[in-house]
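Undergrad: See upload02.txt below, with compact mmCIF, C-alpha atoms and all ligand atoms.
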```txt
# COMPACT_ATOMS: atom_id res chain seq x y z
CA MET U 5 -7.83 154.14 -6.32
CA SER U 6 -8.23 157.85 -5.52
CA ALA U 7 -9.46 160.15 -8.25
CA ALA U 8 -10.92 163.60 -8.67
CA PRO U 9 -14.73 163.46 -8.64
CA ILE U 10 -16.31 164.08 -12.03
CA PRO U 11 -18.85 166.91 -12.14
CA GLU U 12 -22.46 165.86 -12.75
CA VAL U 13 -23.87 166.53 -16.22
CA GLY U 14 -25.79 169.58 -15.02
CA ALA U 15 -22.87 171.07 -13.07
CA ARG U 16 -20.16 171.27 -15.70
CA ALA U 17 -20.63 174.82 -16.98
CA GLY U 18 -17.62 176.89 -15.91
CA ARG U 19 -15.74 173.73 -14.91
CA GLU U 20 -15.12 172.34 -18.40
CA GLY U 21 -11.36 171.91 -17.91
CA ALA U 22 -11.74 170.13 -14.56
CA HIS U 23 -14.44 167.90 -15.98
CA ALA U 24 -12.34 166.94 -19.01
CA ASP U 25 -9.29 166.13 -16.84
CA ALA U 26 -11.32 163.99 -14.44
CA ALA U 27 -13.18 162.16 -17.22
CA ARG U 28 -9.98 161.50 -19.18
CA GLY U 29 -8.34 160.11 -16.05
CA MET U 30 -11.30 157.86 -15.37
CA PHE U 31 -11.42 156.41 -18.90
CA GLY U 32 -7.66 155.90 -18.74
CA ARG U 33 -8.10 153.80 -15.60
CA ILE U 34 -10.92 151.63 -16.92
CA ALA U 35 -9.47 151.20 -20.44
CA PRO U 36 -7.95 147.73 -19.79
CA THR U 37 -11.29 146.24 -18.66
CA TYR U 38 -13.67 148.39 -20.74
CA ASP U 39 -14.43 145.85 -23.50
CA THR U 40 -14.94 142.89 -21.17
CA LEU U 41 -17.26 144.89 -18.98
CA ASN U 42 -19.22 146.27 -21.92
CA ARG U 43 -19.96 142.79 -23.27
CA LEU U 44 -20.76 141.42 -19.84
CA MET U 45 -22.97 144.23 -18.63
CA SER U 46 -24.96 144.62 -21.84
CA ALA U 47 -25.17 140.82 -22.30
CA GLY U 48 -23.79 141.39 -25.80
CA VAL U 49 -26.75 143.57 -26.85
CA ASP U 50 -24.43 146.53 -27.43
CA ARG U 51 -23.16 144.87 -30.61
CA ARG U 52 -26.65 144.86 -32.10
CA TRP U 53 -27.08 148.52 -31.14
CA ARG U 54 -23.77 149.36 -32.80
CA LEU U 55 -24.69 147.56 -36.03
CA ARG U 56 -27.98 149.46 -36.12
CA ALA U 57 -26.11 152.75 -35.66
CA ILE U 58 -23.74 151.94 -38.52
CA ALA U 59 -26.71 151.08 -40.75
CA GLU U 60 -27.88 154.69 -40.29
CA LEU U 61 -24.68 155.84 -41.98
CA SER U 62 -25.58 154.06 -45.21
CA SER U 63 -27.27 157.17 -46.64
CA ALA U 64 -24.32 159.43 -45.82
CA PRO U 65 -22.36 160.80 -48.78
CA PRO U 66 -19.10 159.02 -49.61
CA GLY U 67 -16.06 160.49 -47.92
CA PRO U 68 -14.10 160.37 -44.70
CA VAL U 69 -15.85 159.06 -41.59
CA LEU U 70 -15.07 160.20 -38.04
CA ASP U 71 -15.75 157.97 -35.04
CA LEU U 72 -16.00 160.54 -32.26
CA CYS U 73 -15.24 159.48 -28.68
CA ALA U 74 -14.12 156.26 -30.37
CA GLY U 75 -12.90 154.60 -27.16
CA THR U 76 -11.66 151.11 -27.96
CA LEU U 77 -12.75 151.39 -31.62
CA ASP U 78 -15.74 149.01 -31.61
CA LEU U 79 -17.72 151.33 -33.90
CA THR U 80 -14.63 152.18 -35.94
CA ALA U 81 -14.15 148.50 -36.73
CA LEU U 82 -17.75 148.21 -37.96
CA VAL U 83 -17.39 151.35 -40.11
CA ALA U 84 -14.17 149.89 -41.57
CA CYS U 85 -16.20 146.92 -42.86
CA ALA U 86 -19.20 148.98 -43.98
CA ARG U 87 -17.18 151.63 -45.86
CA PRO U 88 -14.01 149.90 -47.08
CA GLY U 89 -13.06 152.70 -49.47
CA ASP U 90 -13.41 155.66 -47.14
CA ARG U 91 -10.80 157.33 -44.97
CA LEU U 92 -11.53 156.52 -41.35
CA VAL U 93 -10.54 158.53 -38.27
CA ALA U 94 -11.05 157.46 -34.65
CA ALA U 95 -10.78 160.36 -32.20
CA ASP U 96 -10.81 160.20 -28.43
CA PHE U 97 -9.17 162.24 -25.68
CA SER U 98 -7.98 159.12 -23.83
CA PRO U 99 -4.83 157.63 -25.39
CA ALA U 100 -5.29 154.55 -23.19
CA MET U 101 -8.72 153.80 -24.68
CA LEU U 102 -7.40 154.18 -28.24
CA ASP U 103 -4.36 152.01 -27.44
CA ALA U 104 -6.62 149.26 -26.08
CA GLY U 105 -8.59 149.06 -29.34
CA ARG U 106 -6.25 150.09 -32.14
CA HIS U 107 -5.83 146.46 -33.30
CA LYS U 108 -9.56 146.25 -34.16
CA ALA U 109 -9.30 148.67 -37.09
CA PRO U 110 -5.66 148.84 -38.19
CA ARG U 111 -6.40 151.05 -41.18
CA ALA U 112 -8.07 153.77 -39.10
CA GLU U 113 -6.11 156.88 -38.16
CA THR U 114 -6.27 157.39 -34.40
CA VAL U 115 -6.23 160.96 -33.11
CA VAL U 116 -6.06 162.06 -29.48
CA ALA U 117 -8.43 165.02 -29.35
CA ASP U 118 -11.14 166.66 -27.27
CA ALA U 119 -14.53 166.42 -28.98
CA THR U 120 -15.29 170.02 -28.10
CA LYS U 121 -12.11 171.31 -29.84
CA LEU U 122 -11.48 169.05 -32.81
CA PRO U 123 -8.24 169.42 -34.76
CA PHE U 124 -10.02 168.99 -38.12
CA GLY U 125 -10.93 171.41 -40.85
CA ALA U 126 -14.42 172.64 -41.63
CA GLY U 127 -16.30 170.17 -43.83
CA GLU U 128 -13.58 167.52 -43.60
CA PHE U 129 -15.96 164.57 -43.04
CA GLY U 130 -18.91 163.04 -44.84
CA ALA U 131 -20.16 161.30 -41.72
CA VAL U 132 -19.61 161.31 -37.96
CA VAL U 133 -20.69 158.59 -35.56
CA CYS U 134 -20.54 158.93 -31.79
CA GLY U 135 -21.28 155.98 -29.49
CA PHE U 136 -21.91 156.62 -25.80
CA GLY U 137 -19.70 159.69 -25.90
CA MET U 138 -21.93 162.78 -25.97
CA ARG U 139 -23.11 162.47 -22.38
CA ASN U 140 -19.52 162.53 -21.17
CA LEU U 141 -18.62 165.86 -22.76
CA ALA U 142 -18.16 168.97 -20.66
CA SER U 143 -20.72 170.59 -22.96
CA THR U 144 -23.03 168.57 -25.20
CA GLU U 145 -23.82 171.68 -27.19
CA ALA U 146 -20.14 172.51 -27.81
CA GLY U 147 -19.61 168.94 -29.03
CA ALA U 148 -22.62 169.13 -31.35
CA ARG U 149 -21.36 172.43 -32.80
CA GLU U 150 -17.95 170.88 -33.49
CA VAL U 151 -19.56 167.95 -35.30
CA LEU U 152 -21.59 170.40 -37.39
CA ARG U 153 -18.41 172.31 -38.25
CA VAL U 154 -16.36 169.29 -39.37
CA LEU U 155 -19.16 167.78 -41.48
CA ARG U 156 -19.63 168.80 -45.10
CA PRO U 157 -23.06 169.87 -46.45
CA GLY U 158 -25.25 166.78 -46.67
CA GLY U 159 -23.06 165.04 -44.10
CA VAL U 160 -24.68 162.72 -41.57
CA PHE U 161 -24.24 162.62 -37.79
CA VAL U 162 -25.33 159.45 -35.99
CA THR U 163 -25.45 159.35 -32.19
CA LEU U 164 -25.86 156.09 -30.26
CA GLU U 165 -26.49 156.96 -26.64
CA LEU U 166 -28.00 156.01 -23.31
CA PHE U 167 -30.28 159.00 -22.88
CA ARG U 168 -32.33 159.65 -19.75
CA PRO U 169 -35.35 157.41 -20.38
CA GLU U 170 -38.81 158.95 -20.66
CA ARG U 171 -40.80 155.79 -20.05
CA LEU U 172 -41.41 155.03 -16.38
CA VAL U 173 -40.65 151.32 -16.73
CA THR U 174 -37.40 151.94 -18.57
CA ARG U 175 -36.47 154.62 -16.05
CA ALA U 176 -36.99 152.19 -13.19
CA PHE U 177 -34.93 149.55 -14.97
CA HIS U 178 -32.18 152.11 -15.69
CA ARG U 179 -32.14 153.23 -12.07
CA ALA U 180 -31.88 149.73 -10.65
CA TYR U 181 -29.25 148.73 -13.18
CA ALA U 182 -27.29 151.92 -12.67
CA ARG U 183 -27.37 151.85 -8.89
CA VAL U 184 -26.73 148.16 -8.37
CA VAL U 185 -25.37 146.30 -11.38
CA LEU U 186 -23.01 148.89 -12.86
CA PRO U 187 -21.11 149.85 -9.70
CA THR U 188 -21.05 146.30 -8.34
CA ILE U 189 -19.87 144.39 -11.41
CA GLY U 190 -18.01 147.35 -12.91
CA GLY U 191 -16.30 148.16 -9.64
CA TRP U 192 -15.41 144.55 -9.00
CA LEU U 193 -13.85 143.87 -12.41
CA SER U 194 -12.23 147.26 -13.04
CA GLY U 195 -11.26 147.96 -9.43
CA ASP U 196 -12.80 151.43 -9.86
CA ARG U 197 -16.30 151.52 -8.37
CA GLY U 198 -16.31 155.32 -8.57
CA ALA U 199 -15.94 155.23 -12.35
CA TYR U 200 -18.99 153.03 -12.75
CA GLN U 201 -20.96 155.09 -10.26
CA TYR U 202 -20.17 158.12 -12.44
CA LEU U 203 -21.24 156.30 -15.62
CA ALA U 204 -24.50 155.36 -13.95
CA ARG U 205 -25.19 158.91 -12.75
CA SER U 206 -24.29 160.34 -16.14
CA MET U 207 -27.21 158.45 -17.73
CA ALA U 208 -29.73 159.67 -15.18
CA GLY U 209 -28.44 163.24 -15.42
CA PHE U 210 -28.33 163.45 -19.22
CA VAL U 211 -30.99 164.80 -21.53
CA THR U 212 -33.78 162.66 -22.96
CA ARG U 213 -33.59 161.62 -26.59
CA ARG U 214 -36.19 164.22 -27.52
CA GLU U 215 -34.30 166.98 -25.70
CA TYR U 216 -31.14 165.95 -27.55
CA GLU U 217 -32.99 166.12 -30.87
CA VAL U 218 -34.12 169.65 -30.03
CA LEU U 219 -30.52 170.58 -29.14
CA LEU U 220 -29.22 169.29 -32.49
CA ALA U 221 -31.88 171.24 -34.38
CA ARG U 222 -31.07 174.36 -32.34
CA VAL U 223 -27.36 174.27 -33.19
CA GLY U 224 -28.25 174.03 -36.88
CA PHE U 225 -28.68 170.39 -37.92
CA GLY U 226 -31.51 169.50 -40.29
CA ARG U 227 -33.69 166.37 -40.67
CA VAL U 228 -33.16 165.33 -37.06
CA SER U 229 -34.86 162.05 -36.17
CA GLY U 230 -34.41 159.38 -33.57
CA PHE U 231 -35.70 156.06 -32.35
CA ASP U 232 -35.32 153.82 -29.33
CA LEU U 233 -33.67 150.44 -29.03
CA THR U 234 -34.47 147.73 -26.47
CA PHE U 235 -37.48 149.53 -24.92
CA GLY U 236 -35.63 152.84 -24.75
CA VAL U 237 -32.58 151.58 -22.90
CA ALA U 238 -30.46 152.97 -25.75
CA SER U 239 -31.40 155.23 -28.65
CA ILE U 240 -30.12 156.39 -32.01
CA VAL U 241 -30.41 159.93 -33.33
CA ARG U 242 -29.61 160.79 -36.93
CA ALA U 243 -29.12 164.33 -38.17
CA GLU U 244 -27.92 165.97 -41.38
CA VAL U 245 -26.03 169.07 -42.31
CA ARG U 246 -28.22 171.28 -44.48
CA THR U 247 -27.08 171.61 -48.10
C1 LIG U 301 -18.40 155.21 -22.81
S1 LIG U 301 -16.98 155.37 -23.80
C2 LIG U 301 -17.57 154.93 -25.40
C3 LIG U 301 -16.49 154.44 -26.31
C4 LIG U 301 -16.92 153.92 -27.66
N1 LIG U 301 -17.46 154.96 -28.50
C5 LIG U 301 -17.89 152.79 -27.56
O1 LIG U 301 -18.87 152.80 -28.32
O2 LIG U 301 -17.68 151.86 -26.78
C6 LIG U 301 -16.84 157.12 -23.93
C7 LIG U 301 -15.56 157.56 -24.61
O3 LIG U 301 -15.64 158.96 -24.80
C8 LIG U 301 -14.35 159.50 -24.58
N2 LIG U 301 -14.53 160.92 -24.26
C9 LIG U 301 -15.21 161.45 -23.22
N3 LIG U 301 -15.17 162.78 -23.27
C10 LIG U 301 -14.45 163.12 -24.36
C11 LIG U 301 -14.06 164.33 -24.95
N4 LIG U 301 -14.39 165.51 -24.41
N5 LIG U 301 -13.34 164.31 -26.08
C12 LIG U 301 -12.98 163.13 -26.64
N6 LIG U 301 -13.30 161.93 -26.13
C13 LIG U 301 -14.05 161.92 -25.00
C14 LIG U 301 -13.77 158.68 -23.44
O4 LIG U 301 -12.38 158.74 -23.37
C15 LIG U 301 -14.29 157.29 -23.81
O5 LIG U 301 -13.37 156.58 -24.59
```
What do you get writing this file as structure tokens?
Ligand SMILES: C[S@@+](CC[C@H](N)C(=O)[O-])C[C@H]1O[C@@H](n2cnc3c(N)ncnc32)[C@H](O)[C@@H]1O

TA:
Amino acid sequence: MSAAPIPEVGARAGREGAHADAARGMFGRIAPTYDTLNRLMSAGVDRRWRLRAIAELSSAPPGPVLDLCAGTLDLTALVACARPGDRLVAADFSPAMLDAGRHKAPRAETVVADATKLPFGAGEFGAVVCGFGMRNLASTEAGAREVLRVLRPGGVFVTLELFRPERLVTRAFHRAYARVVLPTIGGWLSGDRGAYQYLARSMAGFVTRREYEVLLARVGFGRVSGFDLTFGVASIVRAEVRT
């Protein structure tokens, strides 16, 4: 399958439109196999990570919750159970990803939108969760600023992400997994080896968890804190909007 190459994380400035088009196309192509591959390639551990991320929302004020870069709505479905009374919005710029997962959280509103230009009002949400989405944005900082804008004072932003690992052992594991397992199994099952090569490179080229925490503080979030899961393979960062 031919596709436009997706710019590396560090080479997206000035090419935001091209990056967004290429990334949207790629997620559209892998949407039908995304869930199967996720479960297979994380050996089911991703579900535990997701539950841990949702637990971090428990201290968020009541009110609407946004699942940003919602993909096939795995996190949305968990939020739907955790916060049965709250309005729930799943936003993603790939209609194919949303279509593949809409059945998991029927009560959620699904919105096709770019995370760096959200069609929501200032202070519309009490909480935002973003799973494995921030490293795909044309600009992480622009995405973080949008989250800050749409959250109300006291609102909570939880990021679940595969940051560039700091620990040598985890980095070696990441590299081997990313270079061999992801493109081989991902390419074989999805028929799009390039997409899984991109996903692998996007981890290595992204910021570390600590760098991301500094970025969130710089754009204006307060009480930023994070911790690692599974020896730093994945991490969670929680931040609040100052009151
Ligand atoms: C790796 S998937 C993660 C999906 C889901 N959150 C999960 O936990 O499985 C990344 C998602 O981010 C979406 N995405 C990437 N860039 C985006 C952007 N600029 N605006 C909105 N969605 C974006 C993709 O379409 C894709 O569905």

Undergrad: Quick one: residues within 9 Å of ligand LIG 301 (chain U), with all atoms listed in the file, as a PyMOL selection string?

TA: chain U and resi 23-24+27-32+35+38-39+42+50+54+71-80+95-102+116-122+133-143+147+164-165+203

Undergrad: Write the selection just made, keeping C-alpha atoms, as a tab-separated table (two decimals), in the frame of the given file?

TA:
```
chain	number	residue	atom	x	y	z
U	23	HIS	CA	-14.44	167.90	-15.98
U	24	ALA	CA	-12.34	166.94	-19.01
U	27	ALA	CA	-13.18	162.16	-17.22
U	28	ARG	CA	-9.98	161.50	-19.18
U	29	GLY	CA	-8.34	160.11	-16.05
U	30	MET	CA	-11.30	157.86	-15.37
U	31	PHE	CA	-11.42	156.41	-18.90
U	32	GLY	CA	-7.66	155.90	-18.74
U	35	ALA	CA	-9.47	151.20	-20.44
U	38	TYR	CA	-13.67	148.39	-20.74
U	39	ASP	CA	-14.43	145.85	-23.50
U	42	ASN	CA	-19.22	146.27	-21.92
U	50	ASP	CA	-24.43	146.53	-27.43
U	54	ARG	CA	-23.77	149.36	-32.80
U	71	ASP	CA	-15.75	157.97	-35.04
U	72	LEU	CA	-16.00	160.54	-32.26
U	73	CYS	CA	-15.24	159.48	-28.68
U	74	ALA	CA	-14.12	156.26	-30.37
U	75	GLY	CA	-12.90	154.60	-27.16
U	76	THR	CA	-11.66	151.11	-27.96
U	77	LEU	CA	-12.75	151.39	-31.62
U	78	ASP	CA	-15.74	149.01	-31.61
U	79	LEU	CA	-17.72	151.33	-33.90
U	80	THR	CA	-14.63	152.18	-35.94
U	95	ALA	CA	-10.78	160.36	-32.20
U	96	ASP	CA	-10.81	160.20	-28.43
U	97	PHE	CA	-9.17	162.24	-25.68
U	98	SER	CA	-7.98	159.12	-23.83
U	99	PRO	CA	-4.83	157.63	-25.39
U	100	ALA	CA	-5.29	154.55	-23.19
U	101	MET	CA	-8.72	153.80	-24.68
U	102	LEU	CA	-7.40	154.18	-28.24
U	116	VAL	CA	-6.06	162.06	-29.48
U	117	ALA	CA	-8.43	165.02	-29.35
U	118	ASP	CA	-11.14	166.66	-27.27
U	119	ALA	CA	-14.53	166.42	-28.98
U	120	THR	CA	-15.29	170.02	-28.10
U	121	LYS	CA	-12.11	171.31	-29.84
U	122	LEU	CA	-11.48	169.05	-32.81
U	133	VAL	CA	-20.69	158.59	-35.56
U	134	CYS	CA	-20.54	158.93	-31.79
U	135	GLY	CA	-21.28	155.98	-29.49
U	136	PHE	CA	-21.91	156.62	-25.80
U	137	GLY	CA	-19.70	159.69	-25.90
U	138	MET	CA	-21.93	162.78	-25.97
U	139	ARG	CA	-23.11	162.47	-22.38
U	140	ASN	CA	-19.52	162.53	-21.17
U	141	LEU	CA	-18.62	165.86	-22.76
U	142	ALA	CA	-18.16	168.97	-20.66
U	143	SER	CA	-20.72	170.59	-22.96
U	147	GLY	CA	-19.61	168.94	-29.03
U	164	LEU	CA	-25.86	156.09	-30.26
U	165	GLU	CA	-26.49	156.96	-26.64
U	203	LEU	CA	-21.24	156.30	-15.62
```

Undergrad: Please determine, counting all atoms listed in the file, which residue among U:Leu166, U:Ile189, U:Leu220, U:Leu152 has the shortest atom-to-atom distance to U:Thr37.

TA: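 Under the stated criterion, the closest residue is U:Ile189.
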
Undergrad: Go through U:Pro157, U:Gly190, U:Gly195, U:Pro36 and flag the residue nearest U:Gly226, using all atoms listed in the file for the distances.

TA: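 Of all the options, U:Pro157 lies closest to U:Gly226.
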
Undergrad: Just give me the residues with any atom within 12 Å of (-29.0, 175.2, -42.9), file coordinates, counting only C-alpha atoms, written as a PyMOL selection string.

TA: chain U and resi 152-153+156-159+220-227+243-247

Undergrad: Hey, can you check how far atom CA of U:Ala86 sits from atom CA of U:Leu55?

TA: 9.8 Å

Undergrad: What is the atom CA of U:Arg242 to atom CA of U:Val162 distance in Å?

TA: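 Between atom CA of U:Arg242 and atom CA of U:Val162 the gap works out to 4.6 Å.
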
Undergrad: Record the distance separating atom CA of U:Arg33 and atom CA of U:Gly105, expressed in Å with one decimal.

TA: 14.5 Å

Undergrad: Which residues are near U:Val154? Cut-off 9 Å, all atoms listed in the file, ignore same chain within fewer than 3 positions. Put them as JSON, numbers by chain.

TA: {"U": [122, 124, 125, 126, 127, 128, 129, 130, 132, 149, 150, 151]}

Undergrad: What does the file look like for those residues with C-alpha atoms, as a PDB file, in the coordinates of the input?

TA:
```pdb
ATOM      1  CA  LEU U 122     -11.480 169.050 -32.810  1.00  0.00           C
ATOM      2  CA  PHE U 124     -10.020 168.990 -38.120  1.00  0.00           C
ATOM      3  CA  GLY U 125     -10.930 171.410 -40.850  1.00  0.00           C
ATOM      4  CA  ALA U 126     -14.420 172.640 -41.630  1.00  0.00           C
ATOM      5  CA  GLY U 127     -16.300 170.170 -43.830  1.00  0.00           C
ATOM      6  CA  GLU U 128     -13.580 167.520 -43.600  1.00  0.00           C
ATOM      7  CA  PHE U 129     -15.960 164.570 -43.040  1.00  0.00           C
ATOM      8  CA  GLY U 130     -18.910 163.040 -44.840  1.00  0.00           C
ATOM      9  CA  VAL U 132     -19.610 161.310 -37.960  1.00  0.00           C
ATOM     10  CA  ARG U 149     -21.360 172.430 -32.800  1.00  0.00           C
ATOM     11  CA  GLU U 150     -17.950 170.880 -33.490  1.00  0.00           C
ATOM     12  CA  VAL U 151     -19.560 167.950 -35.300  1.00  0.00           C
TER      13      VAL U 151
END
```

Undergrad: Which is closest to U:Thr144 among U:Ala204, U:Val237, U:Ala59, U:Val211, if we use all atoms listed in the file?

TA: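 For U:Thr144, the nearest of the given residues is U:Val211.
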